[in-house]
Amino acid sequence: MQNQLSNEHRKRNNQDEIRGSSGNGKLESSSRVKQQQNNPPLVNNDKQQQQPDKQQHNQRPRHHSVRLIGESAARQTTRLFLEICNNSSSSSTDGKPNNVAAITNNDTAPWKNVATLVAAEQALEFWAHRNNNSNNNRQNNKQQHHHHQSNRGKQYQQSTLEEDADMALRLFTSLHHFHCKESGSAVLTNGMYSHVIDALAKSPNLHHVSKADALLRQFISLYIEHYAYSNEKKDVVALLQELELHDPLPTKNEDSIRLASKQQPLASSALRLKIPTNIEWNSKDNHHFPNQIRITGVMRGYARQSHPRGAESLLSLMVSLSSSLGGNKKRMFRPNEVGFATVIDAYSRVHDGLNAERVLQLMKERSIDTGAAVVNNEVLKEVAMTHLNGANVVAYNAAISAWARSAKQTSTTRDNATPATISSSRAAAENAESLLREMWSEHDDGCHKNPRSTILPDVVTYSSVISAYATCLDQPYGMNHARELLKELEGLAAQEFNEYHNTKNEEQNSTKFRRNGGGRHAQGFQPNTMTFNTVLQACANAGDASTAETILQSMISLHSSSLKEGGGGPFQHVRPNTRTFNVVLNAWAKKNGGDGGVRANKILDRLEKMDSNNNGPQPDVISYNTVLAAWSKSASVDPTSLSKREEGAQSSSIVGKCAAYEALKLLDKIEHGYLQSKNGKHGDHHSRAVKPDAISYSTTIAAFANAAQHCENGTSMAEEAEGILSRMKDQLGIAPDAYSYNGVLLAWGRSSGGLPAAKRAETILRSMREPTIISWSTVVNAYTNADGAPNAAALLGEMEQNVIDSSRRGKSSRAPIIPSIVLYNNVLHAWGRSSDGDASRNAELLLDRMERTSQLPRPDVMSYQLVLTALEHTTDPDKAERAKTVLDRFLASVEGNCVKPRKIQNAYNSVLTACAYTPANAGEHHRNNAARILMSTLRDLNQFPWPADDSRIDGPDQESYALFVQGCTHLFESNSEDRNMLLKSAFHECCQKGLLNRIIWDKFCGAMSPGLVKMFIEDLVVSLTGRRLGVLDCGSDKHHDLWQYENLPEEWSNSRPMQ
């Protein structure tokens, strides 16, 4: 988008720039030129400065930089003024005379020498335009070619721009110091102001751009004071005060606020230089005046730094200036399409579609004369048209891009998206499409002669809207709309191409489509590879791999058709590239089921065949790693889970250990091809063989780890994974990383090899140079699956001791791994599954240690639930009392916190389980306590303050009532009055809430005599429904209840999640 704005800017202002510079072939004013002839410079310039090319200097129009001095001369001049300025300041501070003080008292001072001042202005020009000079760029290309092939090239350029801005600012500050010191002569010129502003505006540092803003406002103030008429000065007094203040408009978008919070202060807190007086103005040098080009340059600086408030503040300033001034001065500050589009682009960079469209609306309603919003019928008076849309295609595209970025919701993923964020993302995509439709409605079919009023969408417009739908969180809704828009774009491209090339009358060629005014893209509607790749990414995001493969085939067909037409046609820019194939491969890699690996491998084969022609896309390491990931996903599928229909219809599906060996086969192929290419045993084609990386090996290891959980001989899968780990370094010298080791550890943990497998995993763990928290947790889980809770607890204790020892030693080169709450929960889980007689007590002890020790992680909801689960499974006689104690501690820990109601309900049910399954030999004391806890727990469940916004959970559920009936049957004497009363009360409450199911009914009928059940149910039916139930027989035949349950009132079982 920034490149499109730059192209539009050059189209609009190229002639003005040439006119503004053609009258001034040199930077210095004519008076300084005359003085320079009689005053030699005080600096030793390089060869370019010693032998200036006068003829070249006078002939070239200087709308772009013509570098008059080289880098060494610019640095020497800058260093001269900085040293004198620093020494002068220190001399005035300490009062001690020095050599510099002597220089300042005579006419040979550098700031009094015209030649030296000219050199200073030329140095400022060098710092402002060094990166624009073509000769300098060619030199940098030779020296920094490898930088431009990677991200380091961009970093190098940014560091250079920042250095240029810093040097220009320091030099200008010293010149400003001497200007204010010498009241009788002018040191600063309008050229100096222009160059320092340009240099600062290009910097990648927001602080520099902010200083450019402050100096720009000074520059405008000086211009108005010098050139404005007396009546204009009177009108702009308030405006000059506005120039001193800088309070950009706030943004309402959350992403804008988030980005703005990280930004540095703006011009209000920037370097405050006193506004000088009597600077020297070269009236013929229009290009170095504070015009719309220079202001737009600073606005671009704000846009690049994602700071739209500063850009819009300058836009408002331009509108105010053009409205307050007259004549040529109005035209100097009048905002054009580039200025508005730059502000829109700035909001687009912070994903603020709302404010971007607001500025677009201001642009549409603006006056062509001043840029201000028109009112009443001013449009008719100005342009004599029935309507006016002051926007152009570039502005519309920037606004659409803003909505597209808003739809992406970068701070949210599909995994943690809420209904609100999904709705907001979808609305942003729909707003982008709404602007597209508005462009079509504004298209005038050639009524306007002014090309600026041509508003016709182009490929950029459609691609941005497609991107909005492709990245929105609402899928597959976004994918379907993206496909529809792509189909629409294809039709427009074909129609535009046919009208342009098949119409004999050239005057009719541009009647409908071929209108490239207003910044419209030169390709018109012709889609390109990126457009199709965006739709492919939408299919991948929606999990529709089949559709992605269909679109890939369409791209290949379109490209083949274009080749048949000699490389032309409406789809000449559609050519599948490596990324195209990688997106489709990734779609299959994410696909659940057993066919992902097979389909991805077939696509890879097709890509390799296209590469064999030497003119098609070639697979890269990402391509191969993605197919390996697809095989790894297929390896995680249990072969026994495939139905007979799937086995018959999809006989090509490869899952389980077979998929893991397919991944290994592909890895062997990549490895062999690279080694053969390295040894020079293949031709030119194979010289491009891909070298496998650590991800290639790690993904193959993960395939065997996934297969181990479904394999009868999981140990063999773990051994294969460990073998791959060994060959990484042996074959290609690739050091295994943590992901590789963790995959092998996971394979041994899933191998079902018992304690020997878990101990093998521990051995590998201790061989790692830098194990991660995941490494330790994986081994702990391995012991959990192998009934090795004591070993898991020992590993946790070792980690805790390492932390203690490290704190005693102080700082060390290798910090210990601090156990996380996940690791502690894994050990609690190990104790919960352990067959050790003291497992539940060990779990309680660990939980108590976590609560009491401040250095350890605080227990979370999962921690308490794991201990309660351990108490459910124990055979200790006091399990109910201990479970109730843990429940009370859990409720106290979550008080005032936001906890899902289901978690709290599960904790209560765990206590009911501990009560219901208290051992029969627990003794009367413990059994009585269990009965008491059983009743109080069900009562507390009903009285708990459940959240009002979740009506699904408001007390006991079906499991709660089933456990309560089980507990009453187990803890109370048969046919006792207390037991029957509790059973009737709980059953009445359960039916009243509509929670009755067959499990509860079976337990209830088994706890009471048939006669009591019959009498109770008949009375309950009358009480709850007001009618009598028909035949109800609870005889001794246990099979009668099968039809008796169906004969019960339906409203008693209107909620049946547990049948």
# chains A, B, ... in the order shown; residues from 1 in each chain; ligands from 1
>>> residues_around(residues="A:His351", least_positions_apart="3", cutoff="6 Å", atoms="only C-alpha atoms", output="ChimeraX atom specification")
/A:348,402,405-406
>>> write_last_selection(atoms="N, CA and C atoms", output="PDB file, in the first residue's frame")
ATOM      1  N   SER A 348      -4.784   2.112   8.673  1.00  0.00           N
ATOM      2  CA  SER A 348      -4.790   0.721   8.231  1.00  0.00           C
ATOM      3  C   SER A 348      -3.694  -0.075   8.923  1.00  0.00           C
ATOM      4  N   ALA A 402      -7.604  -1.421   5.776  1.00  0.00           N
ATOM      5  CA  ALA A 402      -7.760  -1.241   7.223  1.00  0.00           C
ATOM      6  C   ALA A 402      -8.803  -2.199   7.779  1.00  0.00           C
ATOM      7  N   ARG A 405      -7.408  -5.747   7.833  1.00  0.00           N
ATOM      8  CA  ARG A 405      -6.524  -6.003   8.971  1.00  0.00           C
ATOM      9  C   ARG A 405      -7.308  -6.064  10.271  1.00  0.00           C
ATOM     10  N   SER A 406      -8.399  -5.305  10.356  1.00  0.00           N
ATOM     11  CA  SER A 406      -9.250  -5.398  11.544  1.00  0.00           C
ATOM     12  C   SER A 406      -9.908  -6.771  11.627  1.00  0.00           C
TER      13      SER A 406
END
>>> residues_around(residues="A:Leu912", least_positions_apart="2", cutoff="8 Å", atoms="only C-alpha atoms", output="PDB file with N, CA and C atoms, in the first residue's frame")
ATOM      1  N   TYR A 908     -17.790 -31.161  44.022  1.00  0.00           N
ATOM      2  CA  TYR A 908     -18.826 -31.670  44.928  1.00  0.00           C
ATOM      3  C   TYR A 908     -19.122 -33.142  44.620  1.00  0.00           C
ATOM      4  N   ASN A 909     -19.209 -33.491  43.351  1.00  0.00           N
ATOM      5  CA  ASN A 909     -19.502 -34.879  42.980  1.00  0.00           C
ATOM      6  C   ASN A 909     -18.393 -35.816  43.418  1.00  0.00           C
ATOM      7  N   SER A 910     -17.134 -35.312  43.430  1.00  0.00           N
ATOM      8  CA  SER A 910     -16.032 -36.152  43.909  1.00  0.00           C
ATOM      9  C   SER A 910     -16.215 -36.490  45.385  1.00  0.00           C
ATOM     10  N   ALA A 914     -16.670 -40.185  47.107  1.00  0.00           N
ATOM     11  CA  ALA A 914     -15.907 -40.699  48.247  1.00  0.00           C
ATOM     12  C   ALA A 914     -16.837 -41.209  49.339  1.00  0.00           C
ATOM     13  N   CYS A 915     -17.958 -40.536  49.554  1.00  0.00           N
ATOM     14  CA  CYS A 915     -18.926 -40.983  50.566  1.00  0.00           C
ATOM     15  C   CYS A 915     -19.625 -42.264  50.124  1.00  0.00           C
ATOM     16  N   ALA A 916     -20.083 -42.286  48.868  1.00  0.00           N
ATOM     17  CA  ALA A 916     -20.865 -43.425  48.385  1.00  0.00           C
ATOM     18  C   ALA A 916     -20.056 -44.712  48.350  1.00  0.00           C
ATOM     19  N   LEU A 934     -22.376 -36.936  53.220  1.00  0.00           N
ATOM     20  CA  LEU A 934     -23.185 -37.155  52.016  1.00  0.00           C
ATOM     21  C   LEU A 934     -24.384 -36.224  52.002  1.00  0.00           C
ATOM     22  N   THR A 937     -23.299 -32.436  51.728  1.00  0.00           N
ATOM     23  CA  THR A 937     -22.755 -32.076  50.417  1.00  0.00           C
ATOM     24  C   THR A 937     -23.867 -31.828  49.413  1.00  0.00           C
ATOM     25  N   LEU A 938     -24.920 -32.698  49.421  1.00  0.00           N
ATOM     26  CA  LEU A 938     -26.036 -32.471  48.499  1.00  0.00           C
ATOM     27  C   LEU A 938     -26.773 -31.187  48.860  1.00  0.00           C
ATOM     28  N   SER A 960     -24.854 -36.346  40.454  1.00  0.00           N
ATOM     29  CA  SER A 960     -24.984 -36.059  41.881  1.00  0.00           C
ATOM     30  C   SER A 960     -26.085 -36.907  42.506  1.00  0.00           C
ATOM     31  N   LEU A 963     -25.155 -40.646  42.663  1.00  0.00           N
ATOM     32  CA  LEU A 963     -24.206 -40.914  43.743  1.00  0.00           C
ATOM     33  C   LEU A 963     -24.879 -40.833  45.107  1.00  0.00           C
ATOM     34  N   PHE A 964     -25.821 -39.908  45.246  1.00  0.00           N
ATOM     35  CA  PHE A 964     -26.506 -39.774  46.534  1.00  0.00           C
ATOM     36  C   PHE A 964     -27.355 -41.011  46.819  1.00  0.00           C
ATOM     37  N   GLY A 967     -25.048 -43.705  47.787  1.00  0.00           N
ATOM     38  CA  GLY A 967     -24.547 -43.524  49.143  1.00  0.00           C
ATOM     39  C   GLY A 967     -25.559 -43.890  50.198  1.00  0.00           C
TER      40      GLY A 967
END
>>> closest_residue(among="A:Ala663, A:Met318, A:Ile999, A:Ala738", to="A:Val627", atoms="only C-alpha atoms")
A:Ala663
>>> closest_residue(among="A:Glu770, A:Glu549, A:Glu182, A:Asp805", to="A:Ala600", atoms="only C-alpha atoms")
A:Glu549
>>> atom_distance(atom1="atom CA of A:Val827", atom2="atom CA of A:Ala718")
23.0 Å
>>> atom_distance(atom1="atom CA of A:Leu171", atom2="atom CA of A:Asn190")
14.9 Å
>>> residues_around(residues="A:Ser752", least_positions_apart="2", cutoff="7 Å", atoms="only C-alpha atoms", output="ChimeraX atom specification")
/A:714,750,754
>>> write_last_selection(atoms="C-alpha atoms", output="PDB file, in the first residue's frame")
ATOM      1  CA  GLY A 714       5.042 -49.396  20.953  1.00  0.00           C
ATOM      2  CA  ARG A 750       3.468 -43.715  24.918  1.00  0.00           C
ATOM      3  CA  GLY A 754       6.058 -50.018  31.627  1.00  0.00           C
TER       4      GLY A 754
END
>>> atom_distance(atom1="atom CA of A:Lys364", atom2="atom CA of A:Ile400")
14.8 Å
